[in-house]
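Here the structure is laid out as structure tokens; the discussion comes afterwards.
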Amino acid sequence: MFDQTQSNVIDGLLLGDASIPKNQNLFHFGQCKDRREYVELVATRLGEPVDRVLDRSRKADARTGKSYQCSELRTLSNPIFGLLRKRWYSKGVKRVPNDLQLTPECVLHWFLCDGSCSVNRNSAQMVLCTDSFSTQDVKRLQSLLSEVGIQSSLLRQNRLRIRQESIDAFYEFIGECPVECLAYKWIPEKNRTSRQQRLRPFYQQIYDLFARQGLSCSEVAKKLGLRYFSVRYVLKTHFGVSFGKNATSETTCREGVVAPSETARRAPVRAQVKTQSDLHGDMQR
């Protein structure tokens, strides 16, 4: 029988790469050979001897034709794993159990298995690879994360992206990395806070300056201290403004207000400039 900490470790691993093979009351967990240190840690956490962690060559990948080295833990048979299989595998498919609770230990091992992170423009990006679960299960995991103070977004790939403002809370929740081989997943603190400016407070100002006062995107950006492409993004995405040579004369934005397209809005200005140019030419002749 496992204690509560061991049960939390198992739940986290099963959210990630671990499995309970069909018709076998045992626990299987493997990683690439570079992460053997982590597999040995898991064995220790579950009370298994480290010498049960074995290295082997996996079957050649069908896409690349390459064979990869891995380190695997296969426990001895134990009826408790049969009960866990019934809890995790509904009709033979891995599902998130209804009674799952996200403890720090559980989320830590979930992240060590299936978490990915990077630094883009000095800001942290963090994703949990949940695409092996159904959308319903992923939404439930999203709700469970929210209950412990971690906000996330559901991506098209059926993965969860930890929101920028919750990355610090995520690391605080799971604690320090327990193994050196996966320490790279702990993003430096200086990169965890977003340096991108929030645009939502500027939405209405951007629209008013552009559509009602006739300022160009670059003029709006300069006046509000924003980036040119941020202004275009807001106008196009949130107010339905069309840009380009074939833009329609007007579009209806999400807020229900008819917004003139860039082409239509600037047409009178172009006509006035052309008329002045023609007059200048007549005077010269």
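Chain identifiers are assigned as A, B, and so on, following the order in which chains appear in the structure tokens; residues are numbered from 1 within each chain, and ligands are numbered from 1 in order of appearance.
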
Kindly provide the residues of segment 142-213 of chain A that approach segment 237-241 of chain A to within 10 Å, each paired with its closest atom pair and their distance in Å to one decimal, based on only C-alpha atoms, listed by chain and increasing number, as a tab-separated table.
```
residue	atom	partner	partner_atom	distance
A:Arg200	CA	A:His238	CA	9.9
A:Tyr203	CA	A:His238	CA	8.0
A:Gln204	CA	A:Phe239	CA	9.5
A:Ile206	CA	A:Phe239	CA	9.9
A:Tyr207	CA	A:Phe239	CA	7.5
A:Ala211	CA	A:Val241	CA	9.3
```

For the residues in the current selection, export N, CA and C atoms as a short mmCIF file (atom, residue, chain, number, x, y, z; two decimals), in the first residue's frame.
```
data_model
loop_
_atom_site.label_atom_id
_atom_site.label_comp_id
_atom_site.auth_asym_id
_atom_site.auth_seq_id
_atom_site.Cartn_x
_atom_site.Cartn_y
_atom_site.Cartn_z
N ARG A 200 -5.62 45.71 -23.74
CA ARG A 200 -7.06 45.85 -23.49
C ARG A 200 -7.47 47.24 -22.99
N TYR A 203 -8.12 49.69 -25.96
CA TYR A 203 -8.97 49.34 -27.09
C TYR A 203 -9.81 50.53 -27.59
N GLN A 204 -10.59 51.13 -26.69
CA GLN A 204 -11.50 52.19 -27.11
C GLN A 204 -10.74 53.43 -27.57
N ILE A 206 -7.81 53.49 -29.02
CA ILE A 206 -7.27 53.18 -30.34
C ILE A 206 -8.35 53.37 -31.40
N TYR A 207 -9.55 52.84 -31.12
CA TYR A 207 -10.63 52.96 -32.10
C TYR A 207 -11.04 54.41 -32.31
N ALA A 211 -10.77 55.79 -35.98
CA ALA A 211 -12.01 55.88 -36.75
C ALA A 211 -12.69 57.24 -36.65
#
```

### Query
Quick one: DSSP alpha helix (DSSP H) residues in segment 55-201 of chain A, as a PyMOL selection string?
chain A and resi 79-88+104-114+135-147+167-174

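Near segment 39-51 of chain A, within a cut-off of 7 Å and counting only C-alpha atoms, sit the residues Gln6, Gly30, Gln31, Arg35, Arg36, Glu37, Val53, Ser71, Glu72 and Leu73 of chain A, with same-chain residues fewer than 2 positions away left out.
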
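You will find atom CA of Arg232 of chain A at 28.5 Å from atom CA of Asn158 of chain A.
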
### Task
Could you tell me which of A:Ala183, A:Glu172, A:Cys70, A:Val96 comes closest to Lys139 of chain A if we count only C-alpha atoms?
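Nearest to Lys139 of chain A: A:Val96.
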
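The shell of residues at most 12 Å from Gly175 of chain A, with only C-alpha atoms counted and near chain neighbours (fewer than 4 positions) removed, consists of Thr103, Pro104, Glu105, Cys106, Val107, Leu108, His109, Phe111, Leu112, Asp168, Ala169, Phe170, Tyr171, Ala183 and Trp186 of chain A.
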
### Query
Which residues in segment 19-83 of chain A does DSSP call strand (DSSP E or B)? List them as JSON, numbers by chain.
{"A": [19, 28, 29, 30, 31, 32, 53, 54, 55, 56, 57, 69, 70, 71, 72, 73, 74]}

Print the selection's residues with C-alpha atoms to a file, as a short mmCIF file (atom, residue, chain, number, x, y, z; two decimals), in the first residue's frame.
```cif
data_model
loop_
_atom_site.label_atom_id
_atom_site.label_comp_id
_atom_site.auth_asym_id
_atom_site.auth_seq_id
_atom_site.Cartn_x
_atom_site.Cartn_y
_atom_site.Cartn_z
CA SER A 19 1.37 3.75 -17.69
CA HIS A 28 5.83 1.31 -16.05
CA PHE A 29 7.72 4.57 -16.41
CA GLY A 30 10.45 5.45 -18.90
CA GLN A 31 12.46 8.45 -20.04
CA CYS A 32 15.33 9.05 -22.44
CA VAL A 53 15.85 0.87 -13.57
CA LEU A 54 17.21 -0.65 -16.77
CA ASP A 55 18.63 0.91 -19.93
CA ARG A 56 17.55 -0.38 -23.32
CA SER A 57 17.20 0.62 -26.97
CA GLN A 69 18.29 4.86 -25.72
CA CYS A 70 16.01 5.02 -22.70
CA SER A 71 15.91 4.21 -18.99
CA GLU A 72 12.84 2.38 -17.72
CA LEU A 73 11.32 1.33 -14.43
CA ARG A 74 9.02 -1.68 -14.30
#
```

### Task
Please provide the set of residues having any atom within 12 Å of Arg156 of chain A, restricted to only C-alpha atoms, with same-chain residues fewer than 2 positions apart removed, written as a PyMOL selection string.
chain A and resi 129-131+135+138+153-154+158-161

Given the selection you just returned, output its residues as a file containing N, CA, C and O atoms, formatted as a PDB file, in the first residue's frame.
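This went into selection-v6.pdb:
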```pdb
ATOM      1  N   CYS A 129       1.678  19.459 -21.904  1.00  0.00           N
ATOM      2  CA  CYS A 129       1.269  18.677 -23.074  1.00  0.00           C
ATOM      3  C   CYS A 129       0.191  17.674 -22.684  1.00  0.00           C
ATOM      4  O   CYS A 129       0.494  16.534 -22.320  1.00  0.00           O
ATOM      5  N   THR A 130      -1.052  18.098 -22.786  1.00  0.00           N
ATOM      6  CA  THR A 130      -2.195  17.277 -22.374  1.00  0.00           C
ATOM      7  C   THR A 130      -2.959  16.717 -23.564  1.00  0.00           C
ATOM      8  O   THR A 130      -4.092  16.261 -23.409  1.00  0.00           O
ATOM      9  N   ASP A 131      -2.364  16.746 -24.760  1.00  0.00           N
ATOM     10  CA  ASP A 131      -3.090  16.377 -25.973  1.00  0.00           C
ATOM     11  C   ASP A 131      -3.456  14.898 -26.047  1.00  0.00           C
ATOM     12  O   ASP A 131      -4.230  14.502 -26.915  1.00  0.00           O
ATOM     13  N   THR A 135     -10.700  16.508 -24.724  1.00  0.00           N
ATOM     14  CA  THR A 135     -10.884  17.936 -24.423  1.00  0.00           C
ATOM     15  C   THR A 135     -11.615  18.121 -23.095  1.00  0.00           C
ATOM     16  O   THR A 135     -11.312  19.026 -22.325  1.00  0.00           O
ATOM     17  N   VAL A 138      -9.111  17.687 -20.366  1.00  0.00           N
ATOM     18  CA  VAL A 138      -8.180  18.815 -20.304  1.00  0.00           C
ATOM     19  C   VAL A 138      -8.853  20.019 -19.652  1.00  0.00           C
ATOM     20  O   VAL A 138      -8.237  20.730 -18.850  1.00  0.00           O
ATOM     21  N   SER A 153      -4.725  28.637 -20.266  1.00  0.00           N
ATOM     22  CA  SER A 153      -5.546  28.757 -21.467  1.00  0.00           C
ATOM     23  C   SER A 153      -5.481  27.452 -22.237  1.00  0.00           C
ATOM     24  O   SER A 153      -4.435  26.802 -22.297  1.00  0.00           O
ATOM     25  N   LEU A 154      -6.609  27.081 -22.854  1.00  0.00           N
ATOM     26  CA  LEU A 154      -6.664  25.865 -23.655  1.00  0.00           C
ATOM     27  C   LEU A 154      -6.272  26.192 -25.089  1.00  0.00           C
ATOM     28  O   LEU A 154      -6.909  27.010 -25.748  1.00  0.00           O
ATOM     29  N   ASN A 158      -5.086  21.123 -27.931  1.00  0.00           N
ATOM     30  CA  ASN A 158      -5.600  20.458 -26.734  1.00  0.00           C
ATOM     31  C   ASN A 158      -4.546  20.417 -25.632  1.00  0.00           C
ATOM     32  O   ASN A 158      -4.471  19.452 -24.861  1.00  0.00           O
ATOM     33  N   ARG A 159      -3.727  21.460 -25.595  1.00  0.00           N
ATOM     34  CA  ARG A 159      -2.727  21.597 -24.543  1.00  0.00           C
ATOM     35  C   ARG A 159      -3.066  22.792 -23.666  1.00  0.00           C
ATOM     36  O   ARG A 159      -3.832  23.672 -24.060  1.00  0.00           O
ATOM     37  N   LEU A 160      -2.474  22.816 -22.485  1.00  0.00           N
ATOM     38  CA  LEU A 160      -2.715  23.919 -21.554  1.00  0.00           C
ATOM     39  C   LEU A 160      -1.501  24.834 -21.492  1.00  0.00           C
ATOM     40  O   LEU A 160      -0.387  24.366 -21.226  1.00  0.00           O
ATOM     41  N   ARG A 161      -1.731  26.105 -21.747  1.00  0.00           N
ATOM     42  CA  ARG A 161      -0.656  27.093 -21.616  1.00  0.00           C
ATOM     43  C   ARG A 161      -0.859  27.848 -20.312  1.00  0.00           C
ATOM     44  O   ARG A 161      -1.917  28.420 -20.075  1.00  0.00           O
TER      45      ARG A 161
END
```
